[in-house]
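J.: See target-v9.txt below, with compact mmCIF, C-alpha atoms.
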# COMPACT_ATOMS: atom_id res chain seq x y z
CA MET A 217 17.36 24.03 -19.18
CA LYS A 218 16.63 23.64 -15.47
CA LYS A 219 18.32 22.21 -12.47
CA VAL A 220 16.26 20.09 -10.10
CA LYS A 221 17.25 19.44 -6.50
CA ILE A 222 15.72 16.21 -5.24
CA TYR A 223 15.64 15.18 -1.57
CA VAL A 224 14.86 11.55 -0.75
CA THR A 225 14.19 10.95 2.93
CA LEU A 226 13.22 7.95 5.02
CA LYS A 227 9.60 7.97 6.14
CA PRO A 228 9.28 9.09 9.78
CA GLU A 229 8.27 5.61 10.96
CA VAL A 230 11.38 4.00 9.47
CA LEU A 231 14.32 3.76 11.87
CA ASP A 232 17.41 5.62 10.67
CA PRO A 233 20.38 4.09 12.52
CA GLN A 234 22.82 6.37 10.69
CA GLY A 235 20.96 9.47 11.88
CA LYS A 236 20.90 8.04 15.43
CA VAL A 237 24.67 7.50 15.46
CA ILE A 238 25.27 11.03 14.17
CA MET A 239 22.96 12.45 16.84
CA ASN A 240 24.78 10.53 19.57
CA THR A 241 28.07 11.93 18.29
CA LEU A 242 26.66 15.45 18.37
CA HIS A 243 25.52 14.88 21.97
CA THR A 244 29.01 13.67 22.85
CA LEU A 245 30.39 16.88 21.39
CA GLY A 246 28.10 18.86 23.66
CA TYR A 247 25.28 19.77 21.27
CA LYS A 248 22.68 18.52 23.71
CA ASP A 249 19.88 20.57 22.14
CA ILE A 250 19.84 18.36 19.03
CA SER A 251 16.82 16.10 19.47
CA GLU A 252 16.83 14.28 16.13
CA VAL A 253 19.02 13.72 13.05
CA ARG A 254 17.69 12.06 9.91
CA ALA A 255 20.18 11.26 7.15
CA SER A 256 18.83 11.48 3.61
CA LYS A 257 19.85 11.47 -0.04
CA PHE A 258 20.22 14.50 -2.25
CA PHE A 259 20.31 14.44 -6.07
CA GLU A 260 20.98 17.28 -8.49
CA VAL A 261 19.48 16.65 -11.89
CA THR A 262 19.86 18.84 -14.98
CA ILE A 263 17.02 18.57 -17.45
CA ASN A 264 16.76 19.87 -21.00
CA SER A 265 13.39 21.53 -20.70
CA ASP A 266 11.93 24.76 -19.40
CA ASP A 267 8.38 23.53 -19.16
CA GLU A 268 7.72 23.34 -15.43
CA LYS A 269 4.67 21.10 -15.75
CA TYR A 270 6.56 18.67 -17.95
CA ILE A 271 9.55 18.71 -15.59
CA LYS A 272 7.36 18.09 -12.57
CA ASN A 273 5.75 15.07 -14.20
CA GLU A 274 9.04 13.63 -15.32
CA ILE A 275 10.76 14.08 -11.96
CA ASP A 276 7.78 12.52 -10.17
CA GLU A 277 8.05 9.55 -12.49
CA ILE A 278 11.83 9.23 -12.00
CA CYS A 279 11.48 9.40 -8.23
CA ASP A 280 8.68 6.81 -8.13
CA LYS A 281 10.48 4.44 -10.47
CA VAL A 282 14.12 4.79 -9.50
CA LEU A 283 15.34 7.35 -6.99
CA ALA A 284 13.04 6.57 -4.08
CA ASN A 285 11.71 3.29 -2.71
CA PRO A 286 8.08 4.06 -1.87
CA ASN A 287 8.06 1.38 0.85
CA ILE A 288 10.46 3.33 3.01
CA GLU A 289 11.13 6.74 1.46
CA THR A 290 9.40 9.94 0.44
CA TYR A 291 10.78 12.68 -1.77
CA ARG A 292 10.40 16.35 -2.57
CA PHE A 293 12.12 18.52 -5.12
CA GLU A 294 12.73 22.12 -6.18
CA ILE A 295 13.10 23.31 -9.75
CA LEU A 296 15.79 25.95 -10.19
CA SER A 297 16.78 27.92 -13.24
CA TYR A 298 20.09 26.75 -14.66
CA PRO A 299 22.74 27.12 -13.33
CA ASN A 300 21.66 28.36 -9.95
CA LYS A 301 18.97 31.00 -9.79
CA SER A 302 15.85 29.96 -7.91
CA VAL A 303 12.55 30.31 -9.76
CA MET B 269 16.20 -30.28 -12.94
CA LYS B 270 17.77 -27.18 -14.35
CA TYR B 271 18.85 -23.97 -12.69
CA ASN B 272 19.62 -20.63 -14.31
CA ILE B 273 22.00 -18.46 -12.32
CA ILE B 274 21.88 -14.81 -13.27
CA ILE B 275 25.17 -12.92 -13.25
CA PHE B 276 25.09 -9.17 -12.68
CA PRO B 277 28.14 -6.93 -12.66
CA GLY B 278 29.18 -7.21 -9.02
CA SER B 279 27.62 -10.61 -8.32
CA ASN B 280 30.04 -12.67 -6.23
CA CYS B 281 28.07 -15.74 -5.21
CA ASP B 282 27.30 -16.83 -8.76
CA TYR B 283 30.01 -19.49 -8.81
CA ASP B 284 29.19 -20.63 -5.26
CA SER B 285 25.60 -21.17 -6.39
CA TYR B 286 26.74 -22.96 -9.55
CA TYR B 287 29.08 -25.18 -7.51
CA ALA B 288 26.34 -26.00 -5.01
CA VAL B 289 23.66 -26.99 -7.51
CA LYS B 290 25.92 -28.52 -10.17
CA LYS B 291 28.78 -30.18 -8.32
CA ILE B 292 27.08 -30.98 -5.04
CA MET B 293 23.45 -31.47 -6.05
CA HIS B 294 24.25 -32.78 -9.56
CA ALA B 295 21.55 -30.69 -11.21
CA ASP B 296 21.95 -28.94 -14.55
CA ALA B 297 22.94 -25.31 -14.28
CA ASP B 298 23.49 -22.50 -16.74
CA TYR B 299 24.74 -18.99 -16.20
CA VAL B 300 22.71 -16.18 -17.73
CA TRP B 301 24.30 -12.76 -18.25
CA HIS B 302 22.31 -9.76 -17.07
CA LYS B 303 22.21 -8.29 -20.57
CA ASP B 304 20.66 -11.42 -22.05
CA THR B 305 17.05 -11.15 -23.03
CA GLU B 306 16.11 -14.82 -22.69
CA LEU B 307 16.32 -17.38 -19.92
CA LYS B 308 17.76 -20.81 -20.73
CA ASN B 309 14.72 -22.96 -20.03
CA PRO B 310 15.05 -23.12 -16.22
CA ASP B 311 13.03 -24.97 -13.61
CA CYS B 312 14.38 -22.53 -11.07
CA VAL B 313 16.16 -19.18 -11.35
CA ILE B 314 18.79 -18.18 -8.79
CA LEU B 315 19.49 -14.50 -8.18
CA PRO B 316 22.84 -14.77 -6.43
CA GLY B 317 24.45 -12.71 -3.71
CA GLY B 318 26.96 -9.96 -4.23
CA PHE B 319 26.92 -6.25 -4.84
CA SER B 320 25.16 -5.84 -8.17
CA TYR B 321 26.10 -2.48 -9.70
CA GLY B 322 28.10 -1.69 -6.58
CA ASP B 323 24.86 -1.47 -4.59
CA TYR B 324 24.57 2.07 -5.95
CA LEU B 325 21.43 3.99 -5.03
CA ARG B 326 20.00 1.11 -2.97
CA ALA B 327 21.01 -2.56 -2.89
CA GLY B 328 19.29 -4.29 -5.81
CA ALA B 329 17.75 -1.08 -7.16
CA ILE B 330 19.72 -0.92 -10.41
CA ALA B 331 19.61 -4.67 -11.12
CA LYS B 332 15.84 -4.28 -11.32
CA PHE B 333 16.31 -2.57 -14.69
CA SER B 334 18.65 -5.16 -16.24
CA PRO B 335 17.24 -6.67 -19.44
CA ILE B 336 17.20 -10.20 -17.98
CA MET B 337 15.23 -9.06 -14.94
CA GLN B 338 12.24 -8.36 -17.16
CA GLU B 339 12.36 -12.05 -18.14
CA VAL B 340 12.82 -13.16 -14.55
CA ILE B 341 9.76 -11.12 -13.56
CA LYS B 342 7.73 -12.72 -16.37
CA PHE B 343 8.99 -16.18 -15.36
CA ALA B 344 8.03 -15.55 -11.72
CA LYS B 345 4.60 -14.19 -12.65
CA SER B 346 3.91 -17.31 -14.70
CA GLY B 347 4.63 -19.45 -11.63
CA GLY B 348 8.32 -20.28 -12.21
CA LEU B 349 10.50 -20.85 -9.14
CA VAL B 350 12.82 -17.99 -8.25
CA ILE B 351 15.19 -17.94 -5.28
CA GLY B 352 16.93 -14.69 -4.41
CA ILE B 353 19.81 -15.03 -1.99
CA CYS B 354 21.13 -11.97 -0.13
CA ASN B 355 21.57 -9.38 -2.90
CA GLY B 356 19.06 -11.48 -4.85
CA PHE B 357 16.53 -10.99 -2.03
CA GLN B 358 17.17 -7.25 -2.22
CA MET B 359 16.46 -7.35 -5.98
CA LEU B 360 13.20 -9.22 -5.41
CA THR B 361 11.93 -6.58 -3.01
CA GLU B 362 13.05 -3.77 -5.32
CA THR B 363 11.18 -5.32 -8.25
CA GLY B 364 8.09 -5.75 -6.10
CA LEU B 365 8.02 -9.54 -6.51
CA LEU B 366 8.36 -9.68 -2.74
CA LEU B 367 6.93 -7.33 -0.14
CA GLY B 368 9.03 -5.09 2.09
CA THR B 369 12.53 -3.66 1.90
CA LEU B 370 15.98 -4.55 3.21
CA LEU B 371 17.39 -1.64 5.13
CA GLN B 372 20.91 -1.11 6.37
CA ASN B 373 21.75 -3.29 9.38
CA LYS B 374 20.74 -1.68 12.65
CA SER B 375 24.34 -1.89 13.87
CA LEU B 376 25.56 -0.08 10.72
CA LEU B 377 28.10 -2.89 10.42
CA PHE B 378 28.59 -5.49 7.73
CA VAL B 379 27.72 -8.79 9.41
CA CYS B 380 29.47 -11.97 8.28
CA LYS B 381 28.96 -15.03 10.48
CA HIS B 382 27.22 -18.32 11.06
CA GLN B 383 23.58 -17.84 11.84
CA TYR B 384 20.82 -20.14 13.04
CA ILE B 385 17.51 -19.89 11.27
CA LYS B 386 14.24 -21.57 12.07
CA ILE B 387 11.85 -23.08 9.55
CA VAL B 388 8.56 -21.27 10.00
CA ASN B 389 6.83 -22.57 6.88
CA ASN B 390 7.75 -25.95 5.45
CA GLU B 391 4.93 -26.04 2.94
CA THR B 392 6.88 -24.28 0.22
CA PRO B 393 8.77 -25.46 -2.87
CA PHE B 394 11.97 -24.49 -1.05
CA THR B 395 11.45 -26.14 2.35
CA ASN B 396 9.20 -29.14 1.74
CA LEU B 397 11.77 -31.68 3.02
CA LEU B 398 12.21 -29.84 6.28
CA GLN B 399 9.91 -29.68 9.24
CA LYS B 400 8.45 -26.71 11.01
CA GLY B 401 10.74 -25.73 13.86
CA ASP B 402 13.88 -27.22 12.31
CA VAL B 403 16.95 -25.10 12.97
CA LEU B 404 19.60 -24.71 10.30
CA ASP B 405 23.03 -23.14 10.56
CA ILE B 406 23.37 -21.06 7.41
CA PRO B 407 25.89 -18.22 7.16
CA ILE B 408 24.97 -14.61 6.53
CA ALA B 409 27.14 -11.87 5.01
CA HIS B 410 25.43 -8.56 4.40
CA ASN B 411 25.21 -4.86 5.12
CA GLU B 412 21.54 -4.41 4.18
CA GLY B 413 19.68 -7.31 5.72
CA ASN B 414 17.41 -5.46 8.08
CA TYR B 415 14.04 -6.52 6.73
CA TYR B 416 11.40 -3.84 7.08
CA ILE B 417 7.72 -3.84 6.30
CA ASP B 418 4.89 -1.71 7.67
CA LYS B 419 2.37 -3.13 10.17
CA ILE B 420 -0.27 -3.89 7.56
CA GLY B 421 2.30 -5.66 5.39
CA LEU B 422 3.56 -7.71 8.34
CA GLN B 423 0.02 -8.74 9.13
CA ARG B 424 -0.38 -9.83 5.51
CA LEU B 425 2.83 -11.89 5.65
CA ASN B 426 1.64 -13.58 8.83
CA ASP B 427 -1.89 -14.21 7.56
CA ASN B 428 -0.62 -15.80 4.34
CA GLN B 429 2.19 -17.73 6.05
CA GLN B 430 4.75 -15.98 3.89
CA ILE B 431 7.46 -15.92 6.54
CA VAL B 432 9.65 -18.94 5.77
CA PHE B 433 12.74 -18.39 7.95
CA GLN B 434 13.36 -16.47 11.17
CA TYR B 435 16.69 -15.74 12.85
CA CYS B 436 16.96 -17.71 16.07
CA ASN B 437 19.48 -19.13 18.51
CA LYS B 438 20.80 -22.67 18.67
CA ASN B 439 17.70 -23.85 20.49
CA GLY B 440 15.32 -22.31 18.02
CA ASP B 441 14.34 -19.38 20.25
CA VAL B 442 13.42 -16.35 18.18
CA ASN B 443 14.48 -13.26 20.13
CA ASP B 444 16.30 -9.93 19.83
CA ARG B 445 19.64 -11.40 20.85
CA ALA B 446 19.47 -13.85 17.96
CA ASN B 447 18.64 -11.09 15.50
CA PRO B 448 21.81 -10.12 13.59
CA ASN B 449 20.54 -7.06 11.75
CA GLY B 450 17.39 -5.63 13.32
CA ALA B 451 14.97 -7.34 10.91
CA ILE B 452 11.34 -6.94 11.92
CA SER B 453 10.02 -10.15 13.55
CA ASN B 454 13.51 -11.67 13.01
CA ILE B 455 12.57 -12.28 9.37
CA ALA B 456 15.35 -14.03 7.44
CA GLY B 457 13.35 -15.17 4.42
CA ILE B 458 9.90 -14.79 2.88
CA ILE B 459 7.92 -16.03 -0.09
CA ASN B 460 5.39 -14.29 -2.28
CA GLU B 461 1.70 -14.98 -1.91
CA LYS B 462 1.70 -17.62 -4.65
CA GLY B 463 4.66 -19.34 -2.99
CA ASN B 464 6.95 -19.61 -6.02
CA VAL B 465 9.36 -16.76 -5.20
CA LEU B 466 11.67 -16.99 -2.17
CA GLY B 467 13.98 -14.30 -0.85
CA MET B 468 16.44 -15.09 1.94
CA MET B 469 19.42 -13.29 3.46
CA PRO B 470 21.34 -16.41 4.58
CA HIS B 471 23.45 -18.24 1.99
CA PRO B 472 22.40 -21.89 1.50
CA GLU B 473 24.93 -22.29 -1.33
CA ARG B 474 27.72 -21.68 1.18
CA VAL B 475 26.74 -24.69 3.28
CA SER B 476 26.03 -27.20 0.55
CA ASP B 477 29.40 -28.89 0.43
CA PRO B 478 29.49 -31.31 3.39
CA SER B 479 33.22 -30.78 3.78
CA LEU B 480 32.44 -27.25 4.90
CA ASN B 481 30.81 -28.60 8.01
CA LEU B 482 33.94 -28.22 10.07
CA ILE B 483 32.52 -29.32 13.39
CA ASP B 484 31.82 -32.85 12.23
CA PRO B 485 32.34 -33.46 8.52
CA LEU B 486 30.08 -36.48 8.52
CA SER B 487 27.18 -34.89 10.28
CA ILE B 488 25.06 -31.92 9.39
CA PRO B 489 25.20 -28.40 10.72
CA ILE B 490 21.70 -28.56 12.02
CA ILE B 491 21.61 -28.45 15.70
CA SER B 492 18.09 -28.97 16.92
CA GLY B 493 14.53 -29.19 15.79
CA ARG B 494 12.54 -32.25 15.14
CA SER B 495 14.82 -33.78 12.52
CA PRO B 496 18.19 -33.97 14.18
CA THR B 497 19.45 -37.06 12.42
CA LEU B 498 21.12 -37.29 9.08
CA HIS B 499 18.48 -39.31 7.30
CA SER B 500 15.33 -37.91 8.76
CA PHE B 501 16.56 -34.52 7.70
CA GLY B 502 15.89 -33.31 4.19
CA ASN B 503 15.69 -36.69 2.53
CA GLY B 504 19.32 -37.55 3.09
CA ALA B 505 20.59 -34.01 2.85
CA ARG B 506 23.84 -33.60 4.73
CA THR B 507 23.81 -29.84 5.19
CA GLY B 508 21.21 -27.12 5.66
CA GLY B 509 21.98 -25.78 2.18
CA GLN B 510 21.42 -29.19 0.64
CA ALA B 511 18.06 -29.50 2.36
CA ILE B 512 16.88 -26.35 0.57
CA PHE B 513 18.20 -27.36 -2.85
CA LYS B 514 16.86 -30.90 -2.38
CA SER B 515 13.45 -29.46 -1.53
CA ILE B 516 13.48 -27.48 -4.78
CA GLU B 517 14.44 -30.61 -6.71
CA ASN B 518 11.77 -32.63 -4.91
CA TYR B 519 9.16 -30.02 -5.77
CA ILE B 520 10.12 -29.88 -9.45
CA ILE B 521 10.63 -33.60 -10.01
CA HIS B 522 7.53 -34.76 -8.18
CA LYS B 523 5.48 -31.77 -9.34
CA LEU B 524 4.34 -31.21 -5.78
CA LYS B 525 1.32 -29.04 -5.23
CA ILE B 526 1.96 -26.55 -2.50
Represent the supplied structure as structure tokens.
T.:
Amino acid sequence: MKKVKIYVTLKPEVLDPQGKVIMNTLHTLGYKDISEVRASKFFEVTINSDDEKYIKNEIDEICDKVLANPNIETYRFEILSYPNKSV
Amino acid sequence: MKYNIIIFPGSNCDYDSYYAVKKIMHADADYVWHKDTELKNPDCVILPGGFSYGDYLRAGAIAKFSPIMQEVIKFAKSGGLVIGICNGFQMLTETGLLLGTLLQNKSLLFVCKHQYIKIVNNETPFTNLLQKGDVLDIPIAHNEGNYYIDKIGLQRLNDNQQIVFQYCNKNGDVNDRANPNGAISNIAGIINEKGNVLGMMPHPERVSDPSLNLIDPLSIPIISGRSPTLHSFGNGARTGGQAIFKSIENYIIHKLKI
């Protein structure tokens, strides 16, 4: 069994108004050195397999089909041993 | 003339659509539940507004996998008319029947108001009784209406005349101030390349009943454009919403070639 951490982020060319508002707030609070904030989505998926190649294929498929919209988003993921140890 | 209106968990404009086409337009209409696996012999399918599946993940993303959507996709690919309104538009982009994506409004606010839209393409099954440049007042109510497409995609939409409606002001000027959500090129509605699938953020079903035209109940909520009078507009349509539904009926009944 493995745990997969999946990050779905907006492509750089897609405007992220949420990130912009957060950045403005940070500037208001005095964190003037922050030059960009991009909000994104994070999924934690547990999968009943230990075969890394199989997992990679399946997660790619899930991301392409469901979790990410290829028009506007890209994704990356890390496969961790269950429950928490990095492999 | 028969409509099928698909109901998803979280749809909330299903009855408005039913009321508009059945009670106002006097067409046949049937509801179809999202778990059904067959359509009920429609001339046109309506994907209504709302928050299907709570808009979880992305608006329209989960509805794409409903059993009935596989039938709607087949119907659309065989040339059947499909109109997606608001959440329905979001479903159509998620399924890939329409290009682009509806992002969160630039303002990060839910926008609910009257909105002027301009007819950019009147040679469609959905706008054939209108004229290019006509301005309709059709309300919007959405959080994710900010239409986005990359430059190449936008070029494609322009080249194929797939942009049907643009947000504008009362005089038909298309500019940033008239853009309620940040949509690229003020896009309010598009069709697919074949022309049989329309997605639009504004709600024509909400301005179909003439009594909802509060300014002047006997006139129409169109303000300018080249068909400002009741009868020259949309073949006797009395509201902007009626003009769209009448166009659909006109297309189906007269088997127009567009």
J.: Using only C-alpha atoms, select each residue of chain B with any atom at most 9 Å away from an atom of chain A, and give the selection as a list in words.
T.: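 Listed by rising number, the hits are Leu325, Arg326, Ala329, Ile330, Glu362, Leu367, Gly368, Thr369, Leu371, Gln372, Asn373, Lys374, Ser375, Leu376, Tyr416, Ile417 and Asp418 of chain B.
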J.: Rank nothing, just name the residue among B:Gly509, B:Gly328, B:Gly364, B:Gly413 nearest to B:Gly457, using only C-alpha atoms.
T.: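 Counting only C-alpha atoms, the residue closest to B:Gly457 is B:Gly413.
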J.: Give me, as a CSV table (one decimal) with C-alpha atoms, keeping the file's coordinate frame, all polymer residues having an atom no more than 9 Å from B:Lys525, counting only C-alpha atoms and skipping those fewer than 3 positions away in the same chain.
T.:
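Below is the file result.csv, written as the result:
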chain,number,residue,atom,x,y,z
B,393,PRO,CA,8.8,-25.5,-2.9
B,519,TYR,CA,9.2,-30.0,-5.8
B,522,HIS,CA,7.5,-34.8,-8.2
J.: So the first atom is atom CA of A:Arg254 and the second is atom CA of A:Lys236; what is the distance between them in Å, to one decimal place?
T.: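 If I compute the distance from atom CA of A:Arg254 to atom CA of A:Lys236, I get 7.5 Å.
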J.: Determine, counting all atoms listed in the file, which protein, DNA and RNA residues have an atom within 12 Å of an atom of B:Ser334; residues of the same chain fewer than 5 positions away are not included. Present the result as a list in words.
T.: Ile274, Ile275, Phe276, Pro277, Val300, Trp301, His302, Lys303, Asp304, Thr305, Glu306, Ser320, Tyr321, Gly328, Ala329, Glu339, Val340, Ile341, Met359 and Thr363 of chain B
J.: Excluding B:Gly467 and its own-chain neighbours fewer than 2 positions away, which residues fall within 8 Å of it when counting only C-alpha atoms? Please give them as an mmCIF file with C-alpha atoms, in the frame of the given file.
T.:
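Saved the output as around.cif:
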data_model
loop_
_atom_site.group_PDB
_atom_site.id
_atom_site.type_symbol
_atom_site.label_atom_id
_atom_site.label_comp_id
_atom_site.auth_asym_id
_atom_site.auth_seq_id
_atom_site.Cartn_x
_atom_site.Cartn_y
_atom_site.Cartn_z
ATOM 1 C CA ILE B 351 15.190 -17.940 -5.280
ATOM 2 C CA GLY B 352 16.930 -14.690 -4.410
ATOM 3 C CA ILE B 353 19.810 -15.030 -1.990
ATOM 4 C CA CYS B 354 21.130 -11.970 -0.130
ATOM 5 C CA GLY B 356 19.060 -11.480 -4.850
ATOM 6 C CA PHE B 357 16.530 -10.990 -2.030
ATOM 7 C CA GLN B 358 17.170 -7.250 -2.220
ATOM 8 C CA LEU B 360 13.200 -9.220 -5.410
ATOM 9 C CA LEU B 366 8.360 -9.680 -2.740
ATOM 10 C CA GLY B 457 13.350 -15.170 4.420
ATOM 11 C CA ILE B 458 9.900 -14.790 2.880
ATOM 12 C CA ILE B 459 7.920 -16.030 -0.090
ATOM 13 C CA VAL B 465 9.360 -16.760 -5.200
ATOM 14 C CA MET B 469 19.420 -13.290 3.460
#
J.: Would you work out the distance separating atom CA of B:Lys270 from atom CA of B:Asn518, expressed in Å to one decimal?
T.: 12.4 Å
J.: Work out how far atom CA of B:Val379 is from atom CA of B:Pro448, in Å to one decimal.
T.: 7.4 Å
